[in-house]
Amino acid sequence: MKLPVLILTPHSSGHVPTDILAEMMGASVFSDSARKKRLEWMFLEGDQYTDIIYHAPEAHTLHAQTTRFVVDLNRDRNEGGENGVIKLTDFEKHPLYPNDFVLTPEKREERLRRYFDSFHAELEAMIEAHDIWLFIDGHSMQPRGPKISPTPGVPRPAITLMTSSDEDGRPLENRTHTSISPEQTEEVLRLLGKHFLSIIKASNDVPHEIALNKPWSYDELSYRYSNPERKKPLPGFGIEFNHALYLRYEDGKELPNETVIRQLNEAFQDFLREVVRIFSEK
């Protein structure tokens, strides 16, 4: 029996289809070592290991099949800019493509159709097919704001809860709704503290803080699918885990701290069984 909750990890993949990888790499795509190096970089620039951290056999789940640098599934389909739905640089503003690359309108539309639209079609089908009460969008974040962020270099909290509101839980001026109510937000924050605070306090590498809508005020996917105008709106929220909470650093490399990843997953599954009750329709 599944829990009535849908969990997404839209940035967990490091896969790049060969045609897009060739656009990114040019002639070096024929080098096995260069391809492996680029794909590893893509994976590490994403939300690495979030498919494991948010793994929940009791829930309905959907994971991204391609890296966020193919298309960013947690954006509006028409969102442009350097951190929009199709990115031309990474988060430190390093170019992803050769200088002569041009993303034509035709290429853009084809990519969105193949990877963005197909993901959302599958997501819509899952919502239609199952009795789901809650939507959770699972992310991770760099320990400090990168160059592309509005707060470069600023330390980030251990965990952030995103509800499409301000840091006090009030609706944003440029948004039509919050993804969950202030009362539900308070309960979700309480449960995050209950299940994750001991893991946070055991770390010397992250601020011992569970933040609300900081450094981001909303999560696009939970905002989109909680829209009251939808046929079946789903209350939902996004969660961000700080990379420094579950990665270890050796010789300038980020490596998984498997013990902490397991602890986070166990805590998440316990959190899930409780948090879904807040949104019970029964």
# chains A, B, ... in the order shown; residues from 1 in each chain; ligands from 1
call {"tool": "closest_atom_pairs", "arguments": {"of": "region 25-89 of chain A", "to": "region 260-278 of chain A", "cutoff": "9 Å", "atoms": "only C-alpha atoms", "output": "tab-separated table"}}
result
residue	atom	partner	partner_atom	distance
A:Tyr49	CA	A:Ile261	CA	8.1
A:Ile52	CA	A:Asn265	CA	7.1
A:Ile53	CA	A:Asn265	CA	4.6
A:Tyr54	CA	A:Asn265	CA	6.1
A:His55	CA	A:Asn265	CA	6.7
A:Ala56	CA	A:Gln269	CA	6.1
A:Pro57	CA	A:Gln269	CA	8.9
A:Glu58	CA	A:Gln269	CA	8.5
A:Ala59	CA	A:Leu272	CA	8.7
call {"tool": "write_last_selection", "arguments": {"atoms": "N, CA and C atoms", "output": "compact mmCIF listing (two decimals), in the first residue's frame"}}
result
# COMPACT_ATOMS: atom_id res chain seq x y z
N TYR A 49 23.05 12.69 -5.48
CA TYR A 49 22.58 11.73 -4.48
C TYR A 49 21.18 12.04 -3.92
N ILE A 52 18.81 9.15 -3.86
CA ILE A 52 19.01 8.22 -2.75
C ILE A 52 18.49 8.81 -1.44
N ILE A 53 18.78 10.07 -1.20
CA ILE A 53 18.33 10.71 0.04
C ILE A 53 16.81 10.71 0.13
N TYR A 54 16.14 10.98 -0.98
CA TYR A 54 14.67 11.05 -0.97
C TYR A 54 14.02 9.72 -1.40
N HIS A 55 14.79 8.65 -1.42
CA HIS A 55 14.27 7.34 -1.78
C HIS A 55 13.21 6.91 -0.76
N ALA A 56 12.03 6.54 -1.24
CA ALA A 56 10.94 6.16 -0.34
C ALA A 56 10.07 5.11 -1.02
N PRO A 57 10.31 3.82 -0.78
CA PRO A 57 9.53 2.77 -1.43
C PRO A 57 8.03 2.88 -1.17
N GLU A 58 7.65 3.51 -0.07
CA GLU A 58 6.23 3.62 0.26
C GLU A 58 5.52 4.72 -0.53
N ALA A 59 6.27 5.55 -1.21
CA ALA A 59 5.68 6.70 -1.91
C ALA A 59 5.74 6.51 -3.42
call {"tool": "residues_around", "arguments": {"residues": "Ser140 (chain A)", "least_positions_apart": "6", "cutoff": "9 Å", "atoms": "only C-alpha atoms", "output": "list in words"}}
result
His11, Gly46, Asp47, Gln48, Tyr49, Thr50, Ile159, Ile239, Glu240, Phe241, Asn242 and His243 of chain A
call {"tool": "write_last_selection", "arguments": {"atoms": "all heavy atoms", "output": "compact mmCIF listing (two decimals), in the first residue's frame"}}
result
# COMPACT_ATOMS: atom_id res chain seq x y z
N HIS A 11 16.60 17.29 -10.24
CA HIS A 11 17.99 17.63 -10.56
C HIS A 11 18.97 16.53 -10.16
O HIS A 11 20.16 16.77 -10.01
CB HIS A 11 18.40 18.92 -9.85
CG HIS A 11 17.58 20.11 -10.23
ND1 HIS A 11 17.35 21.17 -9.37
CD2 HIS A 11 16.95 20.42 -11.39
CE1 HIS A 11 16.59 22.07 -9.98
NE2 HIS A 11 16.34 21.64 -11.21
N GLY A 46 24.90 19.12 -10.25
CA GLY A 46 23.46 18.95 -9.98
C GLY A 46 23.22 18.68 -8.51
O GLY A 46 24.05 18.99 -7.64
N ASP A 47 22.08 18.09 -8.24
CA ASP A 47 21.71 17.75 -6.85
C ASP A 47 22.12 16.29 -6.60
O ASP A 47 21.27 15.38 -6.52
CB ASP A 47 20.21 17.93 -6.63
CG ASP A 47 19.79 19.38 -6.65
OD1 ASP A 47 20.66 20.26 -6.79
OD2 ASP A 47 18.58 19.64 -6.54
N GLN A 48 23.44 16.08 -6.49
CA GLN A 48 23.94 14.71 -6.43
C GLN A 48 23.41 13.96 -5.22
O GLN A 48 23.27 14.50 -4.13
CB GLN A 48 25.47 14.67 -6.46
CG GLN A 48 26.18 15.32 -5.28
CD GLN A 48 26.65 16.71 -5.60
OE1 GLN A 48 25.87 17.52 -6.04
NE2 GLN A 48 27.92 16.99 -5.34
N TYR A 49 23.05 12.69 -5.48
CA TYR A 49 22.58 11.73 -4.48
C TYR A 49 21.18 12.04 -3.92
O TYR A 49 20.75 11.39 -2.98
CB TYR A 49 23.60 11.57 -3.34
CG TYR A 49 25.00 11.32 -3.85
CD1 TYR A 49 25.98 12.30 -3.75
CD2 TYR A 49 25.32 10.13 -4.47
CE1 TYR A 49 27.26 12.09 -4.25
CE2 TYR A 49 26.59 9.91 -4.98
CZ TYR A 49 27.56 10.89 -4.87
OH TYR A 49 28.82 10.68 -5.37
N THR A 50 20.49 13.01 -4.50
CA THR A 50 19.15 13.29 -3.96
C THR A 50 18.17 12.16 -4.27
O THR A 50 17.22 11.96 -3.50
CB THR A 50 18.59 14.62 -4.51
OG1 THR A 50 18.73 14.66 -5.94
CG2 THR A 50 19.31 15.80 -3.89
N ILE A 159 19.13 23.01 6.13
CA ILE A 159 17.94 22.60 5.38
C ILE A 159 17.11 23.84 5.11
O ILE A 159 16.99 24.72 5.97
CB ILE A 159 17.11 21.57 6.16
CG1 ILE A 159 17.92 20.29 6.44
CG2 ILE A 159 15.83 21.21 5.39
CD1 ILE A 159 17.18 19.27 7.29
N ILE A 239 12.21 20.85 -0.57
CA ILE A 239 13.20 20.73 0.50
C ILE A 239 14.58 20.80 -0.13
O ILE A 239 14.83 20.19 -1.17
CB ILE A 239 13.06 19.40 1.27
CG1 ILE A 239 11.69 19.29 1.95
CG2 ILE A 239 14.17 19.27 2.32
CD1 ILE A 239 11.45 17.95 2.62
N GLU A 240 15.48 21.55 0.51
CA GLU A 240 16.88 21.64 0.09
C GLU A 240 17.76 21.15 1.24
O GLU A 240 17.67 21.67 2.36
CB GLU A 240 17.25 23.09 -0.23
CG GLU A 240 16.49 23.72 -1.37
CD GLU A 240 17.20 23.57 -2.71
OE1 GLU A 240 18.27 22.92 -2.74
OE2 GLU A 240 16.69 24.12 -3.69
N PHE A 241 18.63 20.18 0.96
CA PHE A 241 19.66 19.77 1.92
C PHE A 241 20.99 20.38 1.50
O PHE A 241 21.37 20.31 0.33
CB PHE A 241 19.79 18.25 1.95
CG PHE A 241 18.67 17.54 2.66
CD1 PHE A 241 17.76 16.76 1.96
CD2 PHE A 241 18.53 17.64 4.03
CE1 PHE A 241 16.74 16.11 2.59
CE2 PHE A 241 17.50 16.99 4.69
CZ PHE A 241 16.59 16.22 3.97
N ASN A 242 21.71 20.96 2.44
CA ASN A 242 23.02 21.52 2.19
C ASN A 242 24.00 20.40 1.83
O ASN A 242 24.10 19.40 2.54
CB ASN A 242 23.49 22.27 3.45
CG ASN A 242 24.71 23.11 3.23
OD1 ASN A 242 25.69 22.68 2.64
ND2 ASN A 242 24.65 24.35 3.72
N HIS A 243 24.74 20.57 0.74
CA HIS A 243 25.73 19.56 0.32
C HIS A 243 26.71 19.21 1.44
O HIS A 243 27.10 18.05 1.58
CB HIS A 243 26.55 20.07 -0.87
CG HIS A 243 25.82 20.02 -2.17
ND1 HIS A 243 26.41 20.39 -3.36
CD2 HIS A 243 24.57 19.62 -2.49
CE1 HIS A 243 25.56 20.23 -4.35
NE2 HIS A 243 24.42 19.79 -3.85
call {"tool": "residues_around", "arguments": {"residues": "Glu82 (chain A)", "least_positions_apart": "3", "cutoff": "9 Å", "atoms": "only C-alpha atoms", "output": "PDB file with C-alpha atoms, in the first residue's frame"}}
result
ATOM      1  CA  VAL A  85      14.912  26.472 -18.288  1.00  0.00           C
ATOM      2  CA  ILE A  86      17.852  25.976 -20.696  1.00  0.00           C
ATOM      3  CA  LYS A  87      21.195  27.142 -19.337  1.00  0.00           C
ATOM      4  CA  LEU A  88      24.264  28.142 -21.327  1.00  0.00           C
ATOM      5  CA  THR A  89      26.588  28.381 -18.291  1.00  0.00           C
ATOM      6  CA  ASP A  90      27.006  26.556 -15.005  1.00  0.00           C
ATOM      7  CA  PHE A  91      26.453  28.241 -11.648  1.00  0.00           C
ATOM      8  CA  LYS A  93      29.244  31.195 -15.048  1.00  0.00           C
ATOM      9  CA  ILE A 148      25.002  33.032 -10.467  1.00  0.00           C
TER      10      ILE A 148
END
call {"tool": "closest_residue", "arguments": {"among": "A:Phe279, A:Pro4, A:Asn204, A:Asp166", "to": "Val188 (chain A)", "atoms": "only C-alpha atoms"}}
result
A:Phe279
call {"tool": "select_by_dssp", "arguments": {"residues": "region 62-265 of chain A", "states": "helix (DSSP H, G or I)", "output": "PyMOL selection string"}}
result
chain A and resi 105-129+182-201+220-225+243-246+258-265
call {"tool": "residues_around", "arguments": {"residues": "Asp72 (chain A)", "least_positions_apart": "2", "cutoff": "9 Å", "atoms": "only C-alpha atoms", "output": "MDAnalysis selection string"}}
result
chainID A and resid 10:11 67:70 74:77 83:87 116
call {"tool": "residues_around", "arguments": {"residues": "Gly238 (chain A)", "least_positions_apart": "4", "cutoff": "6 Å", "atoms": "only C-alpha atoms", "output": "PDB file with N, CA, C and O atoms, in the first residue's frame"}}
result
ATOM      1  N   ILE A 136       6.101  16.488  -2.885  1.00  0.00           N
ATOM      2  CA  ILE A 136       7.371  16.939  -2.306  1.00  0.00           C
ATOM      3  C   ILE A 136       8.422  16.983  -3.411  1.00  0.00           C
ATOM      4  O   ILE A 136       8.621  16.006  -4.134  1.00  0.00           O
ATOM      5  N   ASP A 137       9.089  18.124  -3.530  1.00  0.00           N
ATOM      6  CA  ASP A 137      10.129  18.321  -4.532  1.00  0.00           C
ATOM      7  C   ASP A 137      11.476  18.313  -3.820  1.00  0.00           C
ATOM      8  O   ASP A 137      11.768  19.199  -3.009  1.00  0.00           O
ATOM      9  N   GLY A 138      12.311  17.307  -4.104  1.00  0.00           N
ATOM     10  CA  GLY A 138      13.543  17.100  -3.357  1.00  0.00           C
ATOM     11  C   GLY A 138      14.773  17.656  -4.050  1.00  0.00           C
ATOM     12  O   GLY A 138      15.071  17.292  -5.189  1.00  0.00           O
ATOM     13  N   LEU A 161      13.173  24.852   3.725  1.00  0.00           N
ATOM     14  CA  LEU A 161      11.819  24.488   3.308  1.00  0.00           C
ATOM     15  C   LEU A 161      11.291  25.603   2.418  1.00  0.00           C
ATOM     16  O   LEU A 161      11.345  26.774   2.783  1.00  0.00           O
ATOM     17  N   MET A 162      10.769  25.243   1.231  1.00  0.00           N
ATOM     18  CA  MET A 162      10.259  26.227   0.280  1.00  0.00           C
ATOM     19  C   MET A 162       8.756  26.039   0.091  1.00  0.00           C
ATOM     20  O   MET A 162       8.298  24.961  -0.267  1.00  0.00           O
ATOM     21  N   ASP A 219       9.544  27.256  -4.781  1.00  0.00           N
ATOM     22  CA  ASP A 219       9.938  26.109  -5.579  1.00  0.00           C
ATOM     23  C   ASP A 219       8.942  26.004  -6.728  1.00  0.00           C
ATOM     24  O   ASP A 219       7.738  25.889  -6.509  1.00  0.00           O
TER      25      ASP A 219
END
